[in-house]
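Enquirer: So that we are looking at the same thing, I have put the structure below in structure tokens.
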There are 2 protein chains.
Amino acid sequence: MKKKPSLADIAKALGVSKTLVSMVLNGKGNDNGINEETQKRVWAKAKELDYKPNMMARSLRMGRSHTIGLIVADISNSFYARMCRAVEDAASKKGYHVLFGSSDENASKEKGLIQMLRDRQVDGLIISTTLGNNEDIKALQEENFPLVLIDRFVPQEDTPFVTSDNYGGSTLVVDHLVQQGAKRIGQLTISPSHLTSITERTRGYKDALAKNGIAFDQALVREIPYDNIREGIRHKVPLLLNPPHSVDSLFVVNNNLAVATLECIQDLGLRIPEDVRVVCFDDIDLFKFCNPPITAIAQPIERMGECAVEVLLDKIENGGDATLADKVFLETSLIVRRSCGSKAAK
Amino acid sequence: MKKKPSLADIAKALGVSKTLVSMVLNGKGNDNGINEETQKRVWAKAKELDYKPNMMARSLRMGRSHTIGLIVADISNSFYARMCRAVEDAASKKGYHVLFGSSDENASKEKGLIQMLRDRQVDGLIISTTLGNNEDIKALQEENFPLVLIDRFVPQEDTPFVTSDNYGGSTLVVDHLVQQGAKRIGQLTISPSHLTSITERTRGYKDALAKNGIAFDQALVREIPYDNIREGIRHKVPLLLNPPHSVDSLFVVNNNLAVATLECIQDLGLRIPEDVRVVCFDDIDLFKFCNPPITAIAQPIERMGECAVEVLLDKIENGGDATLADKVFLETSLIVRRSCGSKAAK
DNA sequence: TGGAATTGCTAAATCGATTTAGTAGAATTG
DNA sequence: CAATTCTACTAAATCGATTTAGCAATTCCA
């Protein structure tokens with residue numbers, strides 16, 4: 001593995017200084033009154049040697065890495081995978097790279113990732129945090145380190161964020177279920193449940209129930225642990241479906257939960273929507289081929305990633321003078337299919 | 001955003017040299033005969049100032065970044081998303097970070113990513129390449145730059161790779177279809193089709209047909225362009241289903257294609273498996289809830305990511321003395337469900 | 001013709017670490 | 001007691017870029 005050419009190599013080959021070479025290659029040749037002829041020679045030699053600047057050196061000197069860090073809660077979840085892609089697309093359009101990590105909903109892994117990404121001098125961070133009102137987020141905040149939360153925010157802190165309108169989406173769900181004749185609507189939520197993506201969905205559920213004249217019953221809300229979804233569902237779904245609760249509808253707050261719920265309902269030999277209606281917060285391609293197709297809330301993931309990058313870069317590049325709104329809620333939409341009994345659905 | 005403490009700050013505060021501080025913090029204090037007492041003072045001060053080494057500086061000096069680059073063909077595809085997670089998991093266990101990018105099956109984007117990741121001094125690359133017998137791969141190879149291809153390899157070059165046994169998986173598919181009574185088996189492949197992940201699936205299909213005494217018919221193989229799957233499927237699936245070809249089974253070579261195919265079959269008002277059997281190469285959670293559940297080949301993605309990391313780190317850390325096998329085929333398995341008509345399936 | 005301005009370029013400092021080569025002073029040895 | 005060895009530590013070079021300060025030679029102007 002031979003050594004890559006450096007500025008010094010070009011300079012030596014041409015008998016000029018590193019300064020000159022650096023200026024020319026950074027397009028500052030004219031500003032600094034470098035002879036056209038010399039500039040051409042520099043470019044030619046750079047091409048000849050296939051010179052590529054060493055980003056480590058550059059970042060070290062400039063104190064900027066043109067890299068942002070992205071910490072998602074679970075990269076193997078299609079929701080976050082799409083988010084990664086959206087963030088990467090948006091960032092690369094602006095000339096930034098993305099260092100990513102997956103916290104797997106684990107607070108200490110997330111802390112570790114924050115630390116590691118900062119060690120690598122990322123210019124800013126986008127995090128779908130699993131931490132609550134955490135000191136680590138607060139610390140970044142106080143240090144004025146560029147940070148944008150995505151998907152979930154920390155209500156206690158004044159931290160920039162970009163998220164779906166989880167509250168609004170949930171009211172759409174409940175309204176639709178009620179329209180389809182639902183009377184007893186259960187909710188399956190996931191822990192860690194202090195996350196706003198979840199609390200807002202629960203809040204929307206409660207408020208919409210009230211609006212529709214249905215009394216909220218805490219017993220109809222069940223929380224499934226993130227790291228043991230299958231078992232949790234297998235245990236708790238029957239509790240909701242059987243007397244005394246006998247729910248006629250299930251509002252499932254995320255896609256992994258939904259997959260397990262479908263499996264469970266199938267195993268119980270029940271039919272959707274005849275025996276129980278099902279809606280999921282999060283749309284997946286395959287929902288439309290399920291038996292029956294599953295009604296879901298679609299989140300504007302691509303827009304979310306894009307928007308988070310915009311807000312973050314605004315902070316990175318303009319510091320205190322950042323102008324973009326940095327608390328963003330994006331609209332969701334209800335995709336009506338047959339799992340709630342709608343006749344109109346395809 | 002206040003400046004972070006450097007080695008020099010600790011040294012100055014303690015009235016010792018940077019050298020000493022560096023040695024102590026790298027655990028080489030004893031080797032270099034640094035006084036226990038002094039070592040304690042250094043550690044204490046480092047903690048007090050919350051010192052974190054600057055990785056840029058360290059990498060610049062050491063010529064190693066402890067970061068690997070991962071280029072996947074499409075991060076929004078769950079197959080590659082899981083691969084990302086697997087690679088990140090394995091890498092972080094070994095103390096490496098992952099810089100990732102998505103080439104979106106676009107050769108020039110892939111070249112760009114290779115360039116950019118190298119600019120960032122990654123220690124090695126894992127690529128699910130979209131390039132064929134490409135000069136860029138060859139160049140890396142010749143330079144002896146640590147590189148492992150994943151999912152797809154370049155047969156013309158002697159490049160390390162880790163992939164599923166695509167050939168073997170395809171024979172499982174065809175054998176199963178024939179067992180279920182298939183006589184005319186169509187194949188839906190995807191372009192770019194020169195990739196080994198695809199060519200091997202086609203080769204397996206052909207050989208297995210022959211083994212089962214069925215004549216291969218090129219007209220039953222249709223290639224769908226990656227960037228326009230929906231249209232491609234909508235146009236070509238009817239051609240296979242209608243006379244004169246009238247296939248009774250479809251072997252779909254990847255998950256995105258499968259989703260579109262299901263959609264198309266649904267729109268045509270046909271039933272699976274009565275009107276046409278369907279198998280997909282790649283398993284997705286939701287296949288088991290489809291109507292009917294879809295038979296698929298499951299690939300050992302996690303093992304694949306893990307293995308690629310092992311092989312790559314072996315090369316990075318041991319250079320020419322790397323000992324691990326660096327051409328790896330991993331076994332796949334057929335998950336039998338009802339889309340091929342099996343009675344035994346759940 | 002002498003001072004100022006312009007043109008074209010360079011030396012050296014800097015970022016923050018690691019690493020090589022070496023030194024002062026105490027302890028040990030012959 | 002002089003020579004040697006240890007102990008505990010340091011100065012300076014280095015990685016590869018950017019940036020500041022400034023210099024030499026030419027041209028311009030009065």
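Starting from 1 in every chain, residues are counted up; chains themselves are A, B, ... following the order of the structure tokens, and ligands are numbered from 1 as listed.
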Please check the contacts: residues of chain D at most 10 Å away from chain B, using only C-alpha atoms (C1' of nucleotides), listed as number ranges by chain.
Expert: D: 6-11, 14-16
Enquirer: Per DSSP on the backbone, filter range 95-287 of chain B down to the residues in alpha helix (DSSP H) and report them as a ChimeraX atom specification.
Expert: /B:107-119,135-143,166-179,196-211,229-241,255-267
Enquirer: Using only C-alpha atoms (C1' of nucleotides), select each residue of chain C with any atom at most 12 Å away from an atom of chain A, and give the selection as number ranges by chain.
Expert: C: 6-17
Enquirer: Can you write out the residues you just picked, keeping N, CA and C atoms (P, O5', C5', C4', C3', O3' and C1' of nucleotides), as a CSV table (one decimal), in the first residue's frame?
Expert:
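Output saved as out-v3.csv:
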```
chain,number,residue,atom,x,y,z
C,6,DT,P,-1.9,49.3,-5.6
C,6,DT,O5',-1.2,48.1,-6.4
C,6,DT,C5',-0.6,48.4,-7.7
C,6,DT,C4',0.1,47.2,-8.2
C,6,DT,C3',-0.6,45.8,-8.0
C,6,DT,O3',-0.8,45.2,-9.2
C,6,DT,C1',1.7,45.7,-7.3
C,7,DT,P,-1.6,43.9,-9.4
C,7,DT,O5',-0.3,42.9,-9.6
C,7,DT,C5',0.7,43.2,-10.5
C,7,DT,C4',1.8,42.1,-10.4
C,7,DT,C3',1.2,40.7,-10.3
C,7,DT,O3',1.8,39.8,-11.2
C,7,DT,C1',2.7,41.0,-8.6
C,8,DG,P,1.4,38.4,-11.5
C,8,DG,O5',2.3,37.6,-10.4
C,8,DG,C5',3.7,37.5,-10.7
C,8,DG,C4',4.3,36.7,-9.6
C,8,DG,C3',3.6,35.3,-9.4
C,8,DG,O3',4.6,34.3,-9.5
C,8,DG,C1',4.0,36.5,-7.4
C,9,DC,P,4.2,32.8,-9.4
C,9,DC,O5',4.7,32.5,-7.9
C,9,DC,C5',6.1,32.7,-7.6
C,9,DC,C4',6.3,32.9,-6.1
C,9,DC,C3',6.0,31.7,-5.2
C,9,DC,O3',7.2,31.0,-5.1
C,9,DC,C1',5.5,33.8,-4.2
C,10,DT,P,7.2,29.6,-4.2
C,10,DT,O5',7.6,30.2,-2.8
C,10,DT,C5',8.8,31.0,-2.7
C,10,DT,C4',9.0,31.3,-1.2
C,10,DT,C3',9.0,30.1,-0.3
C,10,DT,O3',10.1,30.1,0.6
C,10,DT,C1',7.5,31.6,0.5
C,11,DA,P,10.6,28.8,1.3
C,11,DA,O5',10.8,29.4,2.8
C,11,DA,C5',11.1,30.8,3.0
C,11,DA,C4',10.8,31.1,4.5
C,11,DA,C3',11.1,30.0,5.4
C,11,DA,O3',11.6,30.6,6.6
C,11,DA,C1',8.8,30.6,5.5
C,12,DA,P,12.0,29.6,7.9
C,12,DA,O5',10.6,29.7,8.8
C,12,DA,C5',10.0,31.0,9.0
C,12,DA,C4',8.8,30.8,9.8
C,12,DA,C3',8.9,29.7,10.9
C,12,DA,O3',8.2,30.1,12.0
C,12,DA,C1',7.0,29.3,9.5
C,13,DA,P,8.2,29.3,13.4
C,13,DA,O5',6.7,29.4,13.8
C,13,DA,C5',6.0,30.7,13.6
C,13,DA,C4',4.6,30.4,13.8
C,13,DA,C3',4.2,29.5,14.9
C,13,DA,O3',3.0,30.0,15.5
C,13,DA,C1',3.3,28.7,12.8
C,14,DT,P,2.5,29.3,16.8
C,14,DT,O5',1.3,28.4,16.3
C,14,DT,C5',0.2,29.0,15.5
C,14,DT,C4',-0.6,27.9,15.0
C,14,DT,C3',-0.9,26.7,16.0
C,14,DT,O3',-2.2,26.8,16.4
C,14,DT,C1',-0.5,25.9,13.8
C,15,DC,P,-2.6,26.1,17.9
C,15,DC,O5',-3.5,24.9,17.4
C,15,DC,C5',-4.6,25.1,16.6
C,15,DC,C4',-5.0,23.8,16.0
C,15,DC,C3',-4.9,22.6,17.0
C,15,DC,O3',-6.1,22.4,17.6
C,15,DC,C1',-4.0,22.1,14.8
C,16,DG,P,-6.1,22.1,19.2
C,16,DG,O5',-5.5,20.6,19.3
C,16,DG,C5',-6.3,19.5,18.8
C,16,DG,C4',-5.6,18.3,18.9
C,16,DG,C3',-5.0,18.0,20.3
C,16,DG,O3',-5.3,16.6,20.5
C,16,DG,C1',-3.3,17.8,18.7
C,17,DA,P,-5.2,16.0,22.0
C,17,DA,O5',-3.9,15.0,21.9
C,17,DA,C5',-4.1,13.7,21.7
C,17,DA,C4',-3.4,13.2,20.4
C,17,DA,C3',-2.2,12.3,20.7
C,17,DA,O3',-2.7,11.0,20.7
C,17,DA,C1',-1.7,13.9,18.9
```
Enquirer: Taking only C-alpha atoms into account, which residues of chain A are within 8 Å of chain B, as a ChimeraX atom specification?
Expert: /A:1-2,52-57,59-60,75-78,81-82,84-85,88,98-102,119-121,143-145,259,262-263,285-287,289-292
Enquirer: Restrict the selected residues to N, CA and C atoms and save them as a tab-separated table (two decimals), in the first residue's frame.
Expert:
```
chain	number	residue	atom	x	y	z
A	1	MET	N	0.85	-1.20	0.00
A	1	MET	CA	0.00	0.00	0.00
A	1	MET	C	0.88	1.24	0.00
A	2	LYS	N	1.13	1.75	-1.17
A	2	LYS	CA	2.05	2.89	-1.26
A	2	LYS	C	1.46	4.18	-0.69
A	52	LYS	N	-5.17	13.52	-3.55
A	52	LYS	CA	-6.42	13.63	-2.81
A	52	LYS	C	-6.09	14.18	-1.44
A	53	PRO	N	-6.69	15.28	-1.06
A	53	PRO	CA	-6.35	15.88	0.23
A	53	PRO	C	-6.65	14.92	1.39
A	54	ASN	N	-5.85	14.99	2.40
A	54	ASN	CA	-6.05	14.18	3.59
A	54	ASN	C	-7.02	14.92	4.52
A	55	MET	N	-8.20	14.32	4.65
A	55	MET	CA	-9.24	15.00	5.42
A	55	MET	C	-8.90	15.13	6.90
A	56	MET	N	-8.12	14.18	7.39
A	56	MET	CA	-7.74	14.24	8.81
A	56	MET	C	-6.95	15.52	9.05
A	57	ALA	N	-5.97	15.71	8.19
A	57	ALA	CA	-5.12	16.88	8.34
A	57	ALA	C	-5.93	18.16	8.20
A	59	SER	N	-9.18	18.58	8.59
A	59	SER	CA	-10.11	18.78	9.70
A	59	SER	C	-9.37	19.24	10.94
A	60	LEU	N	-8.21	18.63	11.15
A	60	LEU	CA	-7.44	18.99	12.33
A	60	LEU	C	-7.14	20.48	12.32
A	75	ILE	N	-31.27	0.58	13.58
A	75	ILE	CA	-31.07	0.63	12.14
A	75	ILE	C	-31.76	-0.51	11.41
A	76	SER	N	-32.04	-1.60	12.10
A	76	SER	CA	-32.66	-2.71	11.39
A	76	SER	C	-34.18	-2.52	11.25
A	77	ASN	N	-34.70	-1.49	11.87
A	77	ASN	CA	-36.12	-1.14	11.70
A	77	ASN	C	-36.24	-0.30	10.43
A	78	SER	N	-37.13	-0.70	9.54
A	78	SER	CA	-37.20	-0.03	8.24
A	78	SER	C	-37.46	1.47	8.38
A	81	ALA	N	-34.12	2.88	8.92
A	81	ALA	CA	-33.28	2.65	7.75
A	81	ALA	C	-33.60	3.71	6.70
A	82	ARG	N	-34.88	3.93	6.50
A	82	ARG	CA	-35.27	4.96	5.54
A	82	ARG	C	-34.80	6.33	6.01
A	84	CYS	N	-32.14	6.92	7.74
A	84	CYS	CA	-30.71	6.98	7.46
A	84	CYS	C	-30.48	7.42	6.02
A	85	ARG	N	-31.21	6.75	5.16
A	85	ARG	CA	-31.01	7.07	3.76
A	85	ARG	C	-31.36	8.53	3.48
A	88	GLU	N	-28.66	10.74	4.84
A	88	GLU	CA	-27.45	10.66	4.04
A	88	GLU	C	-27.61	11.40	2.72
A	98	VAL	N	-21.89	11.28	6.66
A	98	VAL	CA	-22.65	10.85	7.83
A	98	VAL	C	-21.96	9.67	8.50
A	99	LEU	N	-21.66	9.84	9.75
A	99	LEU	CA	-21.17	8.73	10.57
A	99	LEU	C	-22.40	8.27	11.34
A	100	PHE	N	-22.73	6.98	11.23
A	100	PHE	CA	-23.96	6.59	11.90
A	100	PHE	C	-23.75	5.50	12.93
A	101	GLY	N	-24.69	5.42	13.82
A	101	GLY	CA	-24.66	4.37	14.81
A	101	GLY	C	-26.08	4.04	15.21
A	102	SER	N	-26.23	2.87	15.77
A	102	SER	CA	-27.55	2.43	16.21
A	102	SER	C	-27.48	2.18	17.71
A	119	ASP	N	-15.66	12.37	19.65
A	119	ASP	CA	-14.21	12.13	19.56
A	119	ASP	C	-13.76	12.24	18.11
A	120	ARG	N	-14.63	11.80	17.22
A	120	ARG	CA	-14.28	11.86	15.81
A	120	ARG	C	-14.57	13.22	15.21
A	121	GLN	N	-14.82	14.18	16.06
A	121	GLN	CA	-14.96	15.56	15.61
A	121	GLN	C	-16.09	15.79	14.63
A	143	GLU	N	-23.23	23.22	25.94
A	143	GLU	CA	-21.96	23.49	25.29
A	143	GLU	C	-22.19	24.20	23.98
A	144	ASN	N	-23.47	24.25	23.59
A	144	ASN	CA	-23.82	24.88	22.33
A	144	ASN	C	-23.37	24.06	21.14
A	145	PHE	N	-23.29	22.75	21.38
A	145	PHE	CA	-22.88	21.85	20.31
A	145	PHE	C	-24.07	21.64	19.38
A	259	VAL	N	-46.12	-6.17	13.52
A	259	VAL	CA	-45.79	-7.46	12.93
A	259	VAL	C	-46.06	-8.57	13.94
A	262	LEU	N	-49.85	-9.07	14.44
A	262	LEU	CA	-50.48	-9.83	13.35
A	262	LEU	C	-50.23	-11.31	13.55
A	263	GLU	N	-48.99	-11.61	13.91
A	263	GLU	CA	-48.62	-13.00	14.12
A	263	GLU	C	-49.48	-13.60	15.23
A	285	ASP	N	-44.45	-1.05	3.24
A	285	ASP	CA	-44.86	-1.49	1.91
A	285	ASP	C	-45.82	-2.67	1.95
A	286	LEU	N	-45.37	-3.69	2.67
A	286	LEU	CA	-46.10	-4.96	2.61
A	286	LEU	C	-47.45	-4.94	3.28
A	287	PHE	N	-47.73	-3.90	4.05
A	287	PHE	CA	-49.05	-3.85	4.68
A	287	PHE	C	-50.15	-3.99	3.64
A	289	PHE	N	-50.29	-5.90	1.20
A	289	PHE	CA	-50.52	-7.27	0.74
A	289	PHE	C	-50.88	-8.21	1.86
A	290	CYS	N	-51.01	-7.67	3.04
A	290	CYS	CA	-51.36	-8.53	4.15
A	290	CYS	C	-52.80	-8.98	4.00
A	291	ASN	N	-53.16	-9.93	4.80
A	291	ASN	CA	-54.51	-10.46	4.77
A	291	ASN	C	-55.18	-10.16	6.09
A	292	PRO	N	-56.01	-9.13	6.14
A	292	PRO	CA	-56.28	-8.15	5.09
A	292	PRO	C	-55.20	-7.08	5.08
```
Enquirer: Taking 5 positions as the minimum chain separation for residues in the same chain, which residues sit within 12 Å of range 27-29 of chain D when counting only C-alpha atoms (C1' of nucleotides)? Answer as a VMD selection string.
Expert: chain C and resid 1 to 7
Enquirer: Residues of the last selection are to be written out with N, CA and C atoms (P, O5', C5', C4', C3', O3' and C1' of nucleotides), as a PDB file, in the first residue's frame.
Expert:
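The file below, part-v4.pdb, is the result:
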```pdb
ATOM      1  P    DT C   1      18.611  58.344 -12.982  1.00  0.00           P
ATOM      2  O5'  DT C   1      18.001  58.992 -11.689  1.00  0.00           O
ATOM      3  C5'  DT C   1      18.441  59.884 -10.743  1.00  0.00           C
ATOM      4  C4'  DT C   1      17.468  59.718  -9.615  1.00  0.00           C
ATOM      5  C3'  DT C   1      17.586  58.384  -8.897  1.00  0.00           C
ATOM      6  O3'  DT C   1      17.211  58.596  -7.534  1.00  0.00           O
ATOM      7  C1'  DT C   1      15.421  58.574  -9.767  1.00  0.00           C
ATOM      8  P    DG C   2      18.045  57.834  -6.431  1.00  0.00           P
ATOM      9  O5'  DG C   2      17.075  58.046  -5.178  1.00  0.00           O
ATOM     10  C5'  DG C   2      16.355  59.278  -5.032  1.00  0.00           C
ATOM     11  C4'  DG C   2      14.936  58.968  -4.579  1.00  0.00           C
ATOM     12  C3'  DG C   2      14.838  57.782  -3.623  1.00  0.00           C
ATOM     13  O3'  DG C   2      13.886  58.093  -2.610  1.00  0.00           O
ATOM     14  C1'  DG C   2      13.461  57.381  -5.492  1.00  0.00           C
ATOM     15  P    DG C   3      13.820  57.212  -1.286  1.00  0.00           P
ATOM     16  O5'  DG C   3      12.240  57.008  -1.141  1.00  0.00           O
ATOM     17  C5'  DG C   3      11.370  58.136  -1.188  1.00  0.00           C
ATOM     18  C4'  DG C   3       9.975  57.648  -1.552  1.00  0.00           C
ATOM     19  C3'  DG C   3       9.490  56.485  -0.682  1.00  0.00           C
ATOM     20  O3'  DG C   3       8.154  56.763  -0.253  1.00  0.00           O
ATOM     21  C1'  DG C   3       9.389  55.884  -2.978  1.00  0.00           C
ATOM     22  P    DA C   4       7.312  55.715   0.565  1.00  0.00           P
ATOM     23  O5'  DA C   4       6.292  55.225  -0.557  1.00  0.00           O
ATOM     24  C5'  DA C   4       5.577  56.204  -1.319  1.00  0.00           C
ATOM     25  C4'  DA C   4       4.597  55.486  -2.235  1.00  0.00           C
ATOM     26  C3'  DA C   4       3.802  54.380  -1.542  1.00  0.00           C
ATOM     27  O3'  DA C   4       2.457  54.427  -2.038  1.00  0.00           O
ATOM     28  C1'  DA C   4       5.016  53.451  -3.352  1.00  0.00           C
ATOM     29  P    DA C   5       1.306  53.490  -1.445  1.00  0.00           P
ATOM     30  O5'  DA C   5       1.120  52.488  -2.674  1.00  0.00           O
ATOM     31  C5'  DA C   5       0.915  53.031  -3.978  1.00  0.00           C
ATOM     32  C4'  DA C   5       0.932  51.901  -4.984  1.00  0.00           C
ATOM     33  C3'  DA C   5       0.084  50.690  -4.579  1.00  0.00           C
ATOM     34  O3'  DA C   5      -0.703  50.328  -5.711  1.00  0.00           O
ATOM     35  C1'  DA C   5       2.280  49.990  -5.134  1.00  0.00           C
ATOM     36  P    DT C   6      -1.886  49.277  -5.589  1.00  0.00           P
ATOM     37  O5'  DT C   6      -1.236  48.094  -6.420  1.00  0.00           O
ATOM     38  C5'  DT C   6      -0.638  48.390  -7.697  1.00  0.00           C
ATOM     39  C4'  DT C   6       0.117  47.173  -8.190  1.00  0.00           C
ATOM     40  C3'  DT C   6      -0.612  45.846  -7.967  1.00  0.00           C
ATOM     41  O3'  DT C   6      -0.780  45.245  -9.243  1.00  0.00           O
ATOM     42  C1'  DT C   6       1.679  45.684  -7.342  1.00  0.00           C
ATOM     43  P    DT C   7      -1.552  43.858  -9.433  1.00  0.00           P
ATOM     44  O5'  DT C   7      -0.327  42.855  -9.564  1.00  0.00           O
ATOM     45  C5'  DT C   7       0.746  43.169 -10.455  1.00  0.00           C
ATOM     46  C4'  DT C   7       1.777  42.053 -10.404  1.00  0.00           C
ATOM     47  C3'  DT C   7       1.166  40.657 -10.305  1.00  0.00           C
ATOM     48  O3'  DT C   7       1.830  39.832 -11.244  1.00  0.00           O
ATOM     49  C1'  DT C   7       2.725  40.981  -8.565  1.00  0.00           C
TER      50       DT C   7
END
```
Enquirer: Please identify the strand (DSSP E or B) residues within range 47-96 of chain A (assignment by DSSP from backbone atoms) and present them as a PyMOL selection string.
Expert: chain A and resi 67-72
Enquirer: Keeping only N, CA and C atoms, write those residues as a PDB file, in the first residue's frame.
Expert:
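Below is the file that was written, part.pdb:
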```pdb
ATOM      1  N   THR A  67     -18.482  16.361   8.608  1.00  0.00           N
ATOM      2  CA  THR A  67     -19.133  15.088   8.853  1.00  0.00           C
ATOM      3  C   THR A  67     -20.152  15.302   9.963  1.00  0.00           C
ATOM      4  N   ILE A  68     -21.322  14.719   9.819  1.00  0.00           N
ATOM      5  CA  ILE A  68     -22.275  14.789  10.914  1.00  0.00           C
ATOM      6  C   ILE A  68     -22.513  13.382  11.435  1.00  0.00           C
ATOM      7  N   GLY A  69     -22.906  13.301  12.676  1.00  0.00           N
ATOM      8  CA  GLY A  69     -23.184  11.999  13.268  1.00  0.00           C
ATOM      9  C   GLY A  69     -24.685  11.783  13.313  1.00  0.00           C
ATOM     10  N   LEU A  70     -25.088  10.550  13.057  1.00  0.00           N
ATOM     11  CA  LEU A  70     -26.512  10.222  13.137  1.00  0.00           C
ATOM     12  C   LEU A  70     -26.659   9.010  14.044  1.00  0.00           C
ATOM     13  N   ILE A  71     -27.434   9.175  15.089  1.00  0.00           N
ATOM     14  CA  ILE A  71     -27.681   8.033  15.971  1.00  0.00           C
ATOM     15  C   ILE A  71     -29.157   7.684  15.886  1.00  0.00           C
ATOM     16  N   VAL A  72     -29.442   6.510  15.341  1.00  0.00           N
ATOM     17  CA  VAL A  72     -30.832   6.089  15.265  1.00  0.00           C
ATOM     18  C   VAL A  72     -31.085   5.038  16.334  1.00  0.00           C
TER      19      VAL A  72
END
```
Enquirer: Just the number, please: distance in Å from CA of Ile272 in chain B to CA of Cys340 in chain B, one decimal.
Expert: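 Answer for the CA of Ile272 in chain B to CA of Cys340 in chain B separation: 7.6 Å.
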Enquirer: Using only C-alpha atoms (C1' of nucleotides), determine which residues lie at most 8 Å from Asn255 in chain A, disregarding the query and same-chain residues fewer than 2 positions distant; provide the list as a PyMOL selection string.
Expert: chain A and resi 252-253+257-259+280-284
Enquirer: Output N, CA and C atoms for every residue in the selection just made, as a PDB file, in the first residue's frame.
Expert:
```pdb
ATOM      1  N   VAL A 252     -51.934  -0.033  17.294  1.00  0.00           N
ATOM      2  CA  VAL A 252     -50.584  -0.507  17.582  1.00  0.00           C
ATOM      3  C   VAL A 252     -49.613   0.609  17.236  1.00  0.00           C
ATOM      4  N   VAL A 253     -48.799   1.014  18.195  1.00  0.00           N
ATOM      5  CA  VAL A 253     -48.055   2.250  17.980  1.00  0.00           C
ATOM      6  C   VAL A 253     -46.758   2.161  17.183  1.00  0.00           C
ATOM      7  N   LEU A 257     -44.106  -3.825  16.580  1.00  0.00           N
ATOM      8  CA  LEU A 257     -45.210  -4.281  17.401  1.00  0.00           C
ATOM      9  C   LEU A 257     -46.317  -4.843  16.516  1.00  0.00           C
ATOM     10  N   ALA A 258     -46.548  -4.170  15.412  1.00  0.00           N
ATOM     11  CA  ALA A 258     -47.630  -4.585  14.518  1.00  0.00           C
ATOM     12  C   ALA A 258     -47.352  -5.956  13.924  1.00  0.00           C
ATOM     13  N   VAL A 259     -46.118  -6.172  13.516  1.00  0.00           N
ATOM     14  CA  VAL A 259     -45.787  -7.461  12.928  1.00  0.00           C
ATOM     15  C   VAL A 259     -46.057  -8.570  13.940  1.00  0.00           C
ATOM     16  N   CYS A 280     -51.922   0.502  12.488  1.00  0.00           N
ATOM     17  CA  CYS A 280     -50.533   0.638  12.921  1.00  0.00           C
ATOM     18  C   CYS A 280     -50.040   2.064  12.681  1.00  0.00           C
ATOM     19  N   PHE A 281     -49.284   2.565  13.621  1.00  0.00           N
ATOM     20  CA  PHE A 281     -48.660   3.867  13.418  1.00  0.00           C
ATOM     21  C   PHE A 281     -47.307   3.594  12.781  1.00  0.00           C
ATOM     22  N   ASP A 282     -47.211   3.862  11.504  1.00  0.00           N
ATOM     23  CA  ASP A 282     -46.042   3.545  10.666  1.00  0.00           C
ATOM     24  C   ASP A 282     -46.544   2.704   9.526  1.00  0.00           C
ATOM     25  N   ASP A 283     -46.249   3.119   8.317  1.00  0.00           N
ATOM     26  CA  ASP A 283     -46.677   2.311   7.190  1.00  0.00           C
ATOM     27  C   ASP A 283     -45.495   1.507   6.665  1.00  0.00           C
ATOM     28  N   ILE A 284     -45.767   0.318   6.197  1.00  0.00           N
ATOM     29  CA  ILE A 284     -44.753  -0.540   5.592  1.00  0.00           C
ATOM     30  C   ILE A 284     -45.308  -0.973   4.250  1.00  0.00           C
TER      31      ILE A 284
END
```
Enquirer: Extract, using only C-alpha atoms (C1' of nucleotides), all DNA, RNA and protein residues at most 10 Å from Asp314 in chain A, discarding same-chain residues fewer than 3 positions from it, and format them as a ChimeraX atom specification.
Expert: /A:146,308-311,317-326
Enquirer: Using CA of His245 in chain A and CA of Ser333 in chain A as the two end points, give the distance in Å to one decimal.
Expert: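 Answer for the CA of His245 in chain A to CA of Ser333 in chain A separation: 29.2 Å.
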